[in-house]
file data34.cif (mmCIF, C-alpha atoms and all ligand atoms)
data_query
#
loop_
_atom_site.label_atom_id
_atom_site.label_comp_id
_atom_site.auth_asym_id
_atom_site.auth_seq_id
_atom_site.Cartn_x
_atom_site.Cartn_y
_atom_site.Cartn_z
CA MET T 73 0.00 0.00 0.00
CA ASN T 74 1.49 3.31 -1.07
CA LYS T 75 -0.05 6.34 0.67
CA THR T 76 2.88 8.70 0.21
CA ALA T 77 2.07 12.16 -1.11
CA ASN T 78 2.17 12.37 -4.89
CA THR T 79 3.92 15.73 -4.85
CA LYS T 80 4.33 18.00 -7.86
CA TYR T 81 7.35 19.72 -6.34
CA PRO T 82 10.00 18.29 -4.00
CA ILE T 83 9.31 18.35 -0.25
CA ASN T 84 10.98 16.70 2.77
CA HIS T 85 10.58 12.94 3.23
CA LEU T 86 8.75 13.17 6.59
CA ALA T 87 5.97 15.24 5.01
CA ILE T 88 5.89 13.00 1.94
CA ASN T 89 5.39 9.90 4.05
CA ARG T 90 2.93 11.38 6.54
CA TRP T 91 -0.68 10.28 6.29
CA SER T 92 -3.45 9.39 8.74
CA PRO T 93 -3.83 5.63 9.07
CA ARG T 94 -6.60 3.75 10.86
CA ALA T 95 -4.74 0.45 11.11
CA PHE T 96 -2.16 0.59 13.91
CA LEU T 97 0.00 -2.17 15.37
CA ASP T 98 -0.92 -3.39 18.83
CA LYS T 99 2.61 -2.46 19.90
CA PRO T 100 3.60 -0.05 22.69
CA VAL T 101 5.39 3.18 21.84
CA GLU T 102 8.74 3.55 23.63
CA PRO T 103 8.49 6.35 26.26
CA GLU T 104 11.70 7.99 24.97
CA LYS T 105 10.08 8.28 21.53
CA LEU T 106 6.77 9.56 22.86
CA ILE T 107 8.39 12.27 24.97
CA SER T 108 10.14 13.62 21.86
CA LEU T 109 6.72 14.23 20.28
CA PHE T 110 5.74 16.52 23.15
CA GLU T 111 9.16 18.18 23.10
CA ALA T 112 8.64 19.02 19.42
CA ALA T 113 5.20 20.47 20.25
CA ARG T 114 6.74 22.50 23.10
CA TRP T 115 9.12 24.25 20.70
CA SER T 116 6.40 25.26 18.27
CA ALA T 117 5.78 28.97 17.59
CA SER T 118 2.80 30.76 19.13
CA GLY T 119 1.27 34.22 19.14
CA GLY T 120 3.00 36.26 21.87
CA ASN T 121 4.79 33.04 22.89
CA GLU T 122 1.67 32.17 24.91
CA GLN T 123 2.10 28.42 24.33
CA PRO T 124 -1.62 27.76 24.81
CA TRP T 125 -1.36 24.00 24.13
CA ARG T 126 -1.80 21.32 26.79
CA PHE T 127 -1.87 17.57 26.22
CA ILE T 128 -3.58 14.74 28.10
CA ALA T 129 -1.81 11.48 27.23
CA GLY T 130 -3.22 7.98 27.70
CA ILE T 131 -0.75 5.14 27.29
CA ASP T 132 -1.22 1.39 26.75
CA HIS T 133 -4.84 1.18 27.85
CA ASP T 134 -4.15 2.85 31.21
CA GLU T 135 -6.94 4.73 33.01
CA THR T 136 -6.30 7.94 31.03
CA TRP T 137 -6.35 5.97 27.76
CA GLN T 138 -9.70 4.41 28.73
CA LYS T 139 -11.15 7.82 29.56
CA ILE T 140 -10.00 9.35 26.25
CA PHE T 141 -11.32 6.31 24.37
CA SER T 142 -14.71 6.78 26.05
CA THR T 143 -14.96 10.30 24.57
CA LEU T 144 -14.39 9.16 20.96
CA ASP T 145 -17.29 8.98 18.51
CA PRO T 146 -18.31 5.35 17.78
CA GLY T 147 -16.89 5.60 14.25
CA ASN T 148 -13.49 6.52 15.69
CA GLN T 149 -13.70 4.00 18.55
CA GLU T 150 -13.99 1.27 15.93
CA TRP T 151 -10.42 1.70 14.71
CA ASN T 152 -8.84 3.03 17.92
CA GLN T 153 -9.20 -0.12 20.02
CA HIS T 154 -5.59 -1.18 19.40
CA VAL T 155 -3.99 2.25 19.21
CA PRO T 156 -1.32 2.34 21.96
CA VAL T 157 -1.34 6.10 22.63
CA LEU T 158 -4.35 8.41 22.75
CA ILE T 159 -3.94 12.13 23.36
CA ILE T 160 -6.31 15.05 23.78
CA ALA T 161 -4.96 18.44 22.72
CA VAL T 162 -6.38 21.27 24.80
CA GLY T 163 -6.00 25.00 24.16
CA ASN T 164 -5.96 27.89 26.63
CA ARG T 165 -8.66 30.26 25.35
CA ILE T 166 -7.55 33.19 27.48
CA SER T 167 -4.65 35.46 26.59
CA SER T 168 -2.35 36.39 29.47
CA TRP T 169 -1.78 39.75 27.75
CA ASP T 170 -5.25 41.13 28.36
CA GLY T 171 -7.31 38.34 29.98
CA LYS T 172 -9.56 38.22 26.89
CA GLU T 173 -10.25 35.35 24.51
CA SER T 174 -7.17 34.84 22.35
CA GLY T 175 -7.60 34.94 18.59
CA TYR T 176 -4.80 32.43 18.16
CA PHE T 177 -5.14 29.62 20.68
CA GLN T 178 -6.65 27.19 18.17
CA TYR T 179 -4.19 28.15 15.46
CA ASP T 180 -1.26 27.81 17.88
CA THR T 181 -2.40 24.47 19.29
CA GLY T 182 -2.97 23.10 15.79
CA GLN T 183 0.51 24.17 14.83
CA ALA T 184 1.97 22.45 17.90
CA VAL T 185 0.15 19.28 16.87
CA ALA T 186 1.65 19.62 13.38
CA HIS T 187 5.11 19.71 14.98
CA LEU T 188 4.19 16.69 17.11
CA THR T 189 3.02 14.88 13.97
CA ILE T 190 6.21 15.47 12.02
CA GLU T 191 8.31 14.41 15.03
CA ALA T 192 6.21 11.24 15.19
CA MET T 193 7.23 10.52 11.60
CA ASN T 194 10.84 11.19 12.59
CA GLN T 195 10.46 8.54 15.34
CA GLY T 196 8.97 5.99 12.92
CA LEU T 197 5.43 6.54 14.21
CA HIS T 198 2.19 7.77 12.63
CA VAL T 199 -0.48 10.15 13.92
CA HIS T 200 -4.20 10.35 13.18
CA GLN T 201 -6.02 13.44 14.49
CA MET T 202 -9.72 13.30 15.33
CA GLY T 203 -12.31 16.00 15.70
CA GLY T 204 -14.85 13.26 16.31
CA PHE T 205 -14.93 13.13 20.10
CA SER T 206 -17.05 14.67 22.83
CA LYS T 207 -15.37 17.86 24.01
CA GLU T 208 -18.00 18.21 26.76
CA LYS T 209 -17.32 14.73 28.10
CA ALA T 210 -13.54 15.29 27.95
CA SER T 211 -13.90 18.58 29.88
CA GLU T 212 -15.99 16.82 32.49
CA ILE T 213 -14.00 13.65 33.07
CA PHE T 214 -10.61 15.38 33.06
CA GLU T 215 -11.91 18.37 35.07
CA ILE T 216 -10.57 20.78 32.43
CA PRO T 217 -10.91 24.40 33.66
CA ASP T 218 -13.35 26.69 31.80
CA ASP T 219 -10.50 28.74 30.33
CA PHE T 220 -9.33 25.67 28.43
CA GLN T 221 -10.98 24.03 25.43
CA PRO T 222 -10.43 20.45 24.19
CA LEU T 223 -9.64 20.73 20.48
CA THR T 224 -8.65 17.35 19.01
CA ALA T 225 -8.07 13.76 19.97
CA ILE T 226 -4.91 12.20 18.54
CA ALA T 227 -4.01 8.57 17.90
CA VAL T 228 -0.29 7.69 17.86
CA GLY T 229 1.38 4.38 17.10
CA TYR T 230 3.15 2.16 14.63
CA ILE T 231 1.43 1.70 11.33
CA GLY T 232 -0.51 -1.56 11.01
CA ASP T 233 -2.04 -3.87 8.44
CA PRO T 234 -5.24 -2.67 6.69
CA GLU T 235 -6.36 -6.30 6.58
CA THR T 236 -7.10 -6.02 10.31
CA LEU T 237 -9.82 -3.41 9.60
CA SER T 238 -13.49 -3.98 8.75
CA GLU T 239 -14.27 -4.02 5.03
CA LYS T 240 -15.68 -0.46 5.14
CA LEU T 241 -12.65 0.97 6.92
CA ARG T 242 -10.26 -1.04 4.77
CA GLN T 243 -11.77 0.57 1.66
CA ARG T 244 -11.21 4.03 3.18
CA GLU T 245 -7.67 3.08 4.19
CA LEU T 246 -6.86 2.12 0.61
CA GLN T 247 -8.46 5.21 -0.96
CA GLU T 248 -6.27 7.49 -3.01
CA ARG T 249 -5.25 10.72 -1.23
CA THR T 250 -6.30 13.90 -2.96
CA ARG T 251 -5.37 17.57 -2.60
CA LYS T 252 -6.37 20.89 -4.13
CA ASN T 253 -3.96 22.25 -6.73
CA LEU T 254 -1.49 24.92 -5.63
CA SER T 255 -3.22 27.33 -8.04
CA GLU T 256 -6.35 27.04 -5.86
CA ILE T 257 -4.55 27.98 -2.65
CA VAL T 258 -1.62 30.30 -3.49
CA PHE T 259 -2.66 33.72 -4.80
CA SER T 260 -1.26 37.03 -5.93
CA SER T 261 -2.67 40.50 -6.85
CA ARG T 262 -6.15 39.59 -5.56
CA PHE T 263 -7.72 36.73 -3.64
CA GLY T 264 -8.38 33.79 -5.97
CA GLU T 265 -5.84 34.87 -8.58
CA PRO T 266 -3.24 32.08 -8.82
CA SER T 267 0.30 33.21 -8.11
CA PRO T 268 2.60 33.25 -11.17
CA LEU T 269 4.94 31.19 -8.98
CA ILE T 270 2.84 28.20 -9.87
CA ASN T 271 3.45 26.60 -13.18
CA SER T 272 -0.06 25.89 -14.48
CA LYS T 273 1.16 23.53 -17.18
C1 LIG T 301 -8.86 18.67 12.92
C2 LIG T 301 -8.95 17.29 12.30
C3 LIG T 301 -10.02 16.48 12.62
C4 LIG T 301 -10.11 15.18 12.07
N1 LIG T 301 -11.13 14.34 12.50
C5 LIG T 301 -11.11 13.05 12.11
C6 LIG T 301 -12.01 12.11 12.70
O1 LIG T 301 -12.80 12.42 13.60
N2 LIG T 301 -11.96 10.82 12.25
C7 LIG T 301 -11.09 10.41 11.29
O2 LIG T 301 -11.08 9.23 10.95
N3 LIG T 301 -10.20 11.28 10.74
C8 LIG T 301 -10.17 12.57 11.13
N4 LIG T 301 -9.24 13.45 10.62
C9 LIG T 301 -8.27 12.99 9.61
C10 LIG T 301 -8.58 13.61 8.25
O3 LIG T 301 -9.71 13.00 7.69
C11 LIG T 301 -7.33 13.46 7.34
O4 LIG T 301 -6.27 14.18 7.88
C12 LIG T 301 -7.62 13.98 5.92
O5 LIG T 301 -8.58 13.17 5.28
C13 LIG T 301 -6.37 13.99 5.06
O6 LIG T 301 -5.79 12.72 5.04
P1 LIG T 301 -4.25 12.50 5.43
O7 LIG T 301 -4.06 13.02 6.84
O8 LIG T 301 -4.05 11.01 5.36
O9 LIG T 301 -3.42 13.26 4.45
C14 LIG T 301 -9.12 14.73 11.15
C15 LIG T 301 -8.04 15.57 10.84
C16 LIG T 301 -7.94 16.82 11.41
C17 LIG T 301 -6.72 17.68 11.10
#
call {"tool": "encode", "arguments": {"input": "data34.cif", "output": "structure tokens"}}
result
Amino acid sequence: MNKTANTKYPINHLAINRWSPRAFLDKPVEPEKLISLFEAARWSASGGNEQPWRFIAGIDHDETWQKIFSTLDPGNQEWNQHVPVLIIAVGNRISSWDGKESGYFQYDTGQAVAHLTIEAMNQGLHVHQMGGFSKEKASEIFEIPDDFQPLTAIAVGYIGDPETLSEKLRQRELQERTRKNLSEIVFSSRFGEPSPLINSK
């Protein structure tokens, strides 16, 4: 199965090989590898260096893992049963500059998760982010303060065999990956006008 990005222009090998699998090996992640993922997130950029990200990490079906699993939507629970590490990324809504809601906490936390994801690739692991979980339930069972908002659940582990998935999920696992063209996302002169940087040939 080849899920690598079919790039039009050269990019680094970690980004080429990154994708979001559903089949994971039932194999623990070494703690020294896992800690590097959080270290990469820690060194991410953020507006005003506020570092609004927090992470709740459940490991090898421990109590935290079970709690995170219980918040996942049924469709996500189906393929997460064997995932060794489950994380919830939480963002601090409130800016320490003025005590008001920050305009960047979601952006910053997402960027930290991107760093975590690329470090996972560097450690030979894969990541699959999930919006499909109950933020209300997560806030309740982890007693997350009101100033903080659960943003995504994250599965981390070694990539597994699609044959272990149900037929429906296996089909999705084998689907071709698609992306918009660069001309649809990189503009010049006015919004929507493709940049001349992009060769439209
Ligand atoms: C914020 C966010 C929420 C997502 N939620 C889910 C989800 O609930 N369930 C799921 O299976 N995949 C989820 N995904 C994975 C996306 O479907 C996936 O990243 C997208 O289809 C692109 O595929 P790729 O990551 O393999 O390139 C989510 C990804 C992100 C970034």
call {"tool": "residues_near_ligand", "arguments": {"input": "data34.cif", "ligand": "ligand LIG 301 (chain T)", "cutoff": "8 Å", "atoms": "only C-alpha atoms and all ligand atoms", "output": "ChimeraX atom specification"}}
result
/T:75,77,90-94,145,147-148,182,200-205,223-224,249-250
call {"tool": "write_last_selection", "arguments": {"input": "data34.cif", "atoms": "C-alpha atoms", "output": "PDB file, in the coordinates of the input"}}
result
ATOM      1  CA  LYS T  75      -0.050   6.340   0.670  1.00  0.00           C
ATOM      2  CA  ALA T  77       2.070  12.160  -1.110  1.00  0.00           C
ATOM      3  CA  ARG T  90       2.930  11.380   6.540  1.00  0.00           C
ATOM      4  CA  TRP T  91      -0.680  10.280   6.290  1.00  0.00           C
ATOM      5  CA  SER T  92      -3.450   9.390   8.740  1.00  0.00           C
ATOM      6  CA  PRO T  93      -3.830   5.630   9.070  1.00  0.00           C
ATOM      7  CA  ARG T  94      -6.600   3.750  10.860  1.00  0.00           C
ATOM      8  CA  ASP T 145     -17.290   8.980  18.510  1.00  0.00           C
ATOM      9  CA  GLY T 147     -16.890   5.600  14.250  1.00  0.00           C
ATOM     10  CA  ASN T 148     -13.490   6.520  15.690  1.00  0.00           C
ATOM     11  CA  GLY T 182      -2.970  23.100  15.790  1.00  0.00           C
ATOM     12  CA  HIS T 200      -4.200  10.350  13.180  1.00  0.00           C
ATOM     13  CA  GLN T 201      -6.020  13.440  14.490  1.00  0.00           C
ATOM     14  CA  MET T 202      -9.720  13.300  15.330  1.00  0.00           C
ATOM     15  CA  GLY T 203     -12.310  16.000  15.700  1.00  0.00           C
ATOM     16  CA  GLY T 204     -14.850  13.260  16.310  1.00  0.00           C
ATOM     17  CA  PHE T 205     -14.930  13.130  20.100  1.00  0.00           C
ATOM     18  CA  LEU T 223      -9.640  20.730  20.480  1.00  0.00           C
ATOM     19  CA  THR T 224      -8.650  17.350  19.010  1.00  0.00           C
ATOM     20  CA  ARG T 249      -5.250  10.720  -1.230  1.00  0.00           C
ATOM     21  CA  THR T 250      -6.300  13.900  -2.960  1.00  0.00           C
TER      22      THR T 250
END
call {"tool": "atom_distance", "arguments": {"input": "data34.cif", "atom1": "CA of Ile131 in chain T", "atom2": "CA of Val101 in chain T"}}
result
8.4 Å
call {"tool": "atom_distance", "arguments": {"input": "data34.cif", "atom1": "CA of Thr76 in chain T", "atom2": "CA of Ser255 in chain T"}}
result
21.3 Å
call {"tool": "atom_distance", "arguments": {"input": "data34.cif", "atom1": "CA of Gln221 in chain T", "atom2": "CA of Trp125 in chain T"}}
result
9.7 Å
call {"tool": "closest_residue", "arguments": {"input": "data34.cif", "among": "T:Phe263, T:Phe127, T:Tyr179, T:Tyr81", "to": "Ile107 in chain T", "atoms": "all atoms listed in the file"}}
result
T:Phe127
call {"tool": "axis_aligned_box", "arguments": {"input": "data34.cif", "around": "range 181-198 of chain T", "padding_each_side": "6 Å", "output": "lines of an AutoDock Vina configuration file"}}
result
center_x = 3.9
center_y = 15.2
center_z = 15.4
size_x = 25.8
size_y = 30.5
size_z = 19.7
call {"tool": "residues_around", "arguments": {"input": "data34.cif", "residues": "Asn253 in chain T", "least_positions_apart": "2", "cutoff": "12 Å", "atoms": "all atoms listed in the file", "output": "VMD selection string"}}
result
chain T and resid 78 to 81 250 to 251 255 to 259 266 to 267 270 to 273
call {"tool": "closest_residue", "arguments": {"input": "data34.cif", "among": "T:Val162, T:Ala184, T:Ile88, T:Leu197", "to": "Leu106 in chain T", "atoms": "all atoms listed in the file"}}
result
T:Leu197
call {"tool": "closest_residue", "arguments": {"input": "data34.cif", "among": "T:Ser118, T:Thr236, T:Ser108, T:Gln195", "to": "Gln178 in chain T", "atoms": "all atoms listed in the file"}}
result
T:Ser118
call {"tool": "closest_residue", "arguments": {"input": "data34.cif", "among": "T:Gln149, T:Ser116, T:Thr181, T:Ser260", "to": "Asn164 in chain T", "atoms": "all atoms listed in the file"}}
result
T:Thr181
call {"tool": "closest_residue", "arguments": {"input": "data34.cif", "among": "T:Pro82, T:Pro156, T:Gly130, T:Gly120", "to": "Val228 in chain T", "atoms": "only C-alpha atoms"}}
result
T:Pro156
call {"tool": "closest_residue", "arguments": {"input": "data34.cif", "among": "T:Ile216, T:Ala186, T:Val199, T:Ile83", "to": "Arg126 in chain T", "atoms": "only C-alpha atoms"}}
result
T:Ile216
call {"tool": "residues_around", "arguments": {"input": "data34.cif", "residues": "Ala129 in chain T", "least_positions_apart": "5", "cutoff": "8 Å", "atoms": "only C-alpha atoms", "output": "list of chain:residue names"}}
result
T:Thr136, T:Trp137, T:Val157, T:Leu158, T:Ile159, T:Ile160
call {"tool": "residues_around", "arguments": {"input": "data34.cif", "residues": "Pro222 in chain T", "least_positions_apart": "5", "cutoff": "8 Å", "atoms": "all atoms listed in the file", "output": "PDB file with C-alpha atoms, in the frame of the given file"}}
result
ATOM      1  CA  ILE T 160      -6.310  15.050  23.780  1.00  0.00           C
ATOM      2  CA  ALA T 161      -4.960  18.440  22.720  1.00  0.00           C
ATOM      3  CA  VAL T 162      -6.380  21.270  24.800  1.00  0.00           C
ATOM      4  CA  GLY T 163      -6.000  25.000  24.160  1.00  0.00           C
ATOM      5  CA  LYS T 207     -15.370  17.860  24.010  1.00  0.00           C
ATOM      6  CA  ALA T 210     -13.540  15.290  27.950  1.00  0.00           C
ATOM      7  CA  SER T 211     -13.900  18.580  29.880  1.00  0.00           C
TER       8      SER T 211
END
call {"tool": "decode", "arguments": {"input": "data34.cif", "residues": "range 169-217 of chain T", "atoms": "C-alpha atoms", "output": "CSV table (one decimal), in the first residue's frame"}}
result
chain,number,residue,atom,x,y,z
T,169,TRP,CA,-1.8,39.8,27.7
T,170,ASP,CA,-5.3,41.1,28.4
T,171,GLY,CA,-7.3,38.3,30.0
T,172,LYS,CA,-9.6,38.2,26.9
T,173,GLU,CA,-10.3,35.3,24.5
T,174,SER,CA,-7.2,34.8,22.3
T,175,GLY,CA,-7.6,34.9,18.6
T,176,TYR,CA,-4.8,32.4,18.2
T,177,PHE,CA,-5.1,29.6,20.7
T,178,GLN,CA,-6.6,27.2,18.2
T,179,TYR,CA,-4.2,28.2,15.5
T,180,ASP,CA,-1.3,27.8,17.9
T,181,THR,CA,-2.4,24.5,19.3
T,182,GLY,CA,-3.0,23.1,15.8
T,183,GLN,CA,0.5,24.2,14.8
T,184,ALA,CA,2.0,22.4,17.9
T,185,VAL,CA,0.1,19.3,16.9
T,186,ALA,CA,1.7,19.6,13.4
T,187,HIS,CA,5.1,19.7,15.0
T,188,LEU,CA,4.2,16.7,17.1
T,189,THR,CA,3.0,14.9,14.0
T,190,ILE,CA,6.2,15.5,12.0
T,191,GLU,CA,8.3,14.4,15.0
T,192,ALA,CA,6.2,11.2,15.2
T,193,MET,CA,7.2,10.5,11.6
T,194,ASN,CA,10.8,11.2,12.6
T,195,GLN,CA,10.5,8.5,15.3
T,196,GLY,CA,9.0,6.0,12.9
T,197,LEU,CA,5.4,6.5,14.2
T,198,HIS,CA,2.2,7.8,12.6
T,199,VAL,CA,-0.5,10.1,13.9
T,200,HIS,CA,-4.2,10.4,13.2
T,201,GLN,CA,-6.0,13.4,14.5
T,202,MET,CA,-9.7,13.3,15.3
T,203,GLY,CA,-12.3,16.0,15.7
T,204,GLY,CA,-14.9,13.3,16.3
T,205,PHE,CA,-14.9,13.1,20.1
T,206,SER,CA,-17.0,14.7,22.8
T,207,LYS,CA,-15.4,17.9,24.0
T,208,GLU,CA,-18.0,18.2,26.8
T,209,LYS,CA,-17.3,14.7,28.1
T,210,ALA,CA,-13.5,15.3,27.9
T,211,SER,CA,-13.9,18.6,29.9
T,212,GLU,CA,-16.0,16.8,32.5
T,213,ILE,CA,-14.0,13.6,33.1
T,214,PHE,CA,-10.6,15.4,33.1
T,215,GLU,CA,-11.9,18.4,35.1
T,216,ILE,CA,-10.6,20.8,32.4
T,217,PRO,CA,-10.9,24.4,33.7
